[in-house]
Amino acid sequence: MRRGFDCRRGFDKEPGMAIRDLTSERLFIDDDLSGGVRIQLAPPQAHYLTVVLRLRSGAKLLVFNGRDGEWVATLAETHKRGASLEIGERTRAQEGGPDVEYLFAPLKRSRLDYLVQKATEMGVARLRPVITDRTIAERVNSERMRANVVEAAEQCGILRVPEVNPPQKLDEALDGWDPARRIIYCDEEEQRADPIAALERLGSGPLAVLVGPEGGFSPRERERLVGKAFVVPLSLGPRIMRADTAAVAVLALVNATLGDWRPR
């Protein structure tokens with residue numbers, strides 16, 4: 001699945017990391033990866049490589065599974081019923097990322113696609129849709145969300161692929177919440193304190209980010225959220241943002257203060 005967004009800009013290198021090749025085709029596969037293994041591709045992946053990209057036997061590409069790092073693979077054979085890959089050498093070890101879960105009220109289709117893609121690019125560990133009092137799009141296509149996660153990872157050189165949880169009511173999520181994981185709650189009514197200073201006071205530890213639906217949280221939900229000791233209300237400034245914009249803004253703040261954007 002390819003919808004047009006593209007992170008490829010050639011070779012990139014972060015301090016202490018192997019060079020990332022962002023020009024070669026990358027393919028996510030579920031199989032375990034190791035040198036010398038031959039993997040039979042699923043029909044949709046075989047169709048993409050051989051029909052859409054028009055690759056032929058002997059073509060090279062990069063593959064990853066979110067667990068075993070990134071590997072060079074050779075298109076070993078193609079036939080009417082599919083294709084197979086021969087796994088070569090590993091180009092990058094598996095990378096981790098910040099222990100941040102992203103909780104969000106589902107949005108309408110195209111905006112939800114955007115939100116999922118950007119949250120993946122921002123390095124979240126898990127996507128958790130929550131149904132709130134004012135959620136409009138209550139039906140969630142989990143398979144489509146997973147496809148957007150994979151596409152973003154393929155195109156942006158990402159090795160960690162976030163989990164996609166089934167939708168859950170916000171009240172149920174709060175009832176079963178582990179208080180050791182603090183929730184950064186984007187609150188339109190929070191006084192406009194410095195959000196960076198507020199986040200820096202949290203220190204290390206597992207986190208979650210919660211962004212509400214169009215129209216915001218209901219008074220009942222807000223009262224319950226601010227009453228929880230593990231919930232940290234956070235202002236995103238003087239302007240009201242759309243939910244998908246707020247997702248990018250708050251995840252950027254978290255990565256810059258508590259995540260892996262800071263130099264080690």
# chains A, B, ... in the order shown; residues from 1 in each chain; ligands from 1

$ closest_atom_pairs --of "stretch 174-211 of chain A" --to "stretch 132-148 of chain A" --cutoff "12 Å" --atoms "only C-alpha atoms" --output "CSV"
residue,atom,partner,partner_atom,distance
A:Leu174,CA,A:Thr132,CA,11.6
A:Leu210,CA,A:Thr132,CA,11.3
A:Val211,CA,A:Thr132,CA,10.5

$ write_last_selection --atoms "C-alpha atoms" --output "JSON list (two decimals), in the first residue's frame"
[["chain", "number", "residue", "atom", "x", "y", "z"],
["A", 174, "LEU", "CA", -8.48, 4.49, 33.00],
["A", 210, "LEU", "CA", -3.69, 11.32, 25.37],
["A", 211, "VAL", "CA", -5.32, 13.54, 22.73]]

$ select_by_dssp --residues "stretch 54-253 of chain A" --states "strand (DSSP E or B)" --output "number ranges by chain"
A: 60-64, 70-79, 82-92, 100-104, 126-131, 163-164, 168-169, 182-186, 207-211, 231-234

$ residues_around --residues "A:Ala42" --least-positions-apart "3" --cutoff "10 Å" --atoms "only C-alpha atoms" --output "list in words"
Ile29, Asp30, Ile39, Gln45, Ala46, His47, Arg81, Gly82, Ala83 and Ser84 of chain A

$ write_last_selection --atoms "C-alpha atoms" --output "mmCIF file, in the first residue's frame"
data_model
loop_
_atom_site.group_PDB
_atom_site.id
_atom_site.type_symbol
_atom_site.label_atom_id
_atom_site.label_comp_id
_atom_site.auth_asym_id
_atom_site.auth_seq_id
_atom_site.Cartn_x
_atom_site.Cartn_y
_atom_site.Cartn_z
ATOM 1 C CA ILE A 29 7.631 -8.970 6.616
ATOM 2 C CA ASP A 30 6.417 -10.934 9.622
ATOM 3 C CA ILE A 39 11.217 -16.595 2.755
ATOM 4 C CA GLN A 45 3.828 -8.458 -1.262
ATOM 5 C CA ALA A 46 4.867 -10.560 -4.243
ATOM 6 C CA HIS A 47 2.443 -8.595 -6.445
ATOM 7 C CA ARG A 81 1.729 -17.770 -7.599
ATOM 8 C CA GLY A 82 4.213 -15.537 -5.786
ATOM 9 C CA ALA A 83 7.877 -14.873 -5.109
ATOM 10 C CA SER A 84 10.566 -15.611 -2.550
#

$ closest_atom_pairs --of "stretch 138-185 of chain A" --to "stretch 238-257 of chain A" --cutoff "12 Å" --atoms "only C-alpha atoms" --output "CSV"
residue,atom,partner,partner_atom,distance
A:Ile183,CA,A:Val254,CA,11.6
A:Ile184,CA,A:Val250,CA,8.8
A:Tyr185,CA,A:Val250,CA,9.5

$ write_last_selection --atoms "C-alpha atoms" --output "compact mmCIF listing (two decimals), in the first residue's frame"
# COMPACT_ATOMS: atom_id res chain seq x y z
CA ILE A 183 -0.51 10.03 31.06
CA ILE A 184 0.29 13.38 29.46
CA TYR A 185 -3.17 14.76 28.85

$ select_by_dssp --residues "stretch 58-196 of chain A" --states "alpha helix (DSSP H)" --output "ChimeraX atom specification"
/A:109-121,142-156,170-175,195-196

$ write_last_selection --atoms "C-alpha atoms" --output "PDB file, in the first residue's frame"
ATOM      1  CA  ARG A 109     -10.717   8.143   7.682  1.00  0.00           C
ATOM      2  CA  SER A 110      -8.113  10.349   5.972  1.00  0.00           C
ATOM      3  CA  ARG A 111      -7.233  12.250   9.143  1.00  0.00           C
ATOM      4  CA  LEU A 112      -6.859   8.985  11.056  1.00  0.00           C
ATOM      5  CA  ASP A 113      -4.495   7.734   8.343  1.00  0.00           C
ATOM      6  CA  TYR A 114      -2.394  10.875   8.777  1.00  0.00           C
ATOM      7  CA  LEU A 115      -2.391  10.626  12.573  1.00  0.00           C
ATOM      8  CA  VAL A 116      -1.276   6.983  12.564  1.00  0.00           C
ATOM      9  CA  GLN A 117       1.496   7.646  10.041  1.00  0.00           C
ATOM     10  CA  LYS A 118       2.872  10.623  11.962  1.00  0.00           C
ATOM     11  CA  ALA A 119       2.704   8.877  15.351  1.00  0.00           C
ATOM     12  CA  THR A 120       4.703   6.016  13.835  1.00  0.00           C
ATOM     13  CA  GLU A 121       7.301   8.431  12.463  1.00  0.00           C
ATOM     14  CA  SER A 142      -7.617  -1.889  12.851  1.00  0.00           C
ATOM     15  CA  GLU A 143      -6.266  -3.558   9.709  1.00  0.00           C
ATOM     16  CA  ARG A 144      -6.112  -0.200   7.931  1.00  0.00           C
ATOM     17  CA  MET A 145      -4.325   1.328  10.930  1.00  0.00           C
ATOM     18  CA  ARG A 146      -1.796  -1.506  10.879  1.00  0.00           C
ATOM     19  CA  ALA A 147      -1.248  -1.015   7.140  1.00  0.00           C
ATOM     20  CA  ASN A 148      -0.565   2.700   7.719  1.00  0.00           C
ATOM     21  CA  VAL A 149       1.920   1.861  10.480  1.00  0.00           C
ATOM     22  CA  VAL A 150       3.784  -0.540   8.195  1.00  0.00           C
ATOM     23  CA  GLU A 151       3.782   1.905   5.290  1.00  0.00           C
ATOM     24  CA  ALA A 152       5.200   4.709   7.419  1.00  0.00           C
ATOM     25  CA  ALA A 153       7.920   2.403   8.770  1.00  0.00           C
ATOM     26  CA  GLU A 154       8.815   1.155   5.292  1.00  0.00           C
ATOM     27  CA  GLN A 155       9.131   4.599   3.787  1.00  0.00           C
ATOM     28  CA  CYS A 156      10.889   6.380   6.656  1.00  0.00           C
ATOM     29  CA  LEU A 170     -11.633   5.743  27.725  1.00  0.00           C
ATOM     30  CA  ASP A 171     -13.273   4.916  31.063  1.00  0.00           C
ATOM     31  CA  GLU A 172     -12.221   1.275  30.738  1.00  0.00           C
ATOM     32  CA  ALA A 173      -8.662   2.281  29.901  1.00  0.00           C
ATOM     33  CA  LEU A 174      -8.478   4.490  32.995  1.00  0.00           C
ATOM     34  CA  ASP A 175     -10.035   1.804  35.226  1.00  0.00           C
ATOM     35  CA  PRO A 195       4.894  22.865  28.432  1.00  0.00           C
ATOM     36  CA  ILE A 196       8.590  22.031  28.151  1.00  0.00           C
TER      37      ILE A 196
END
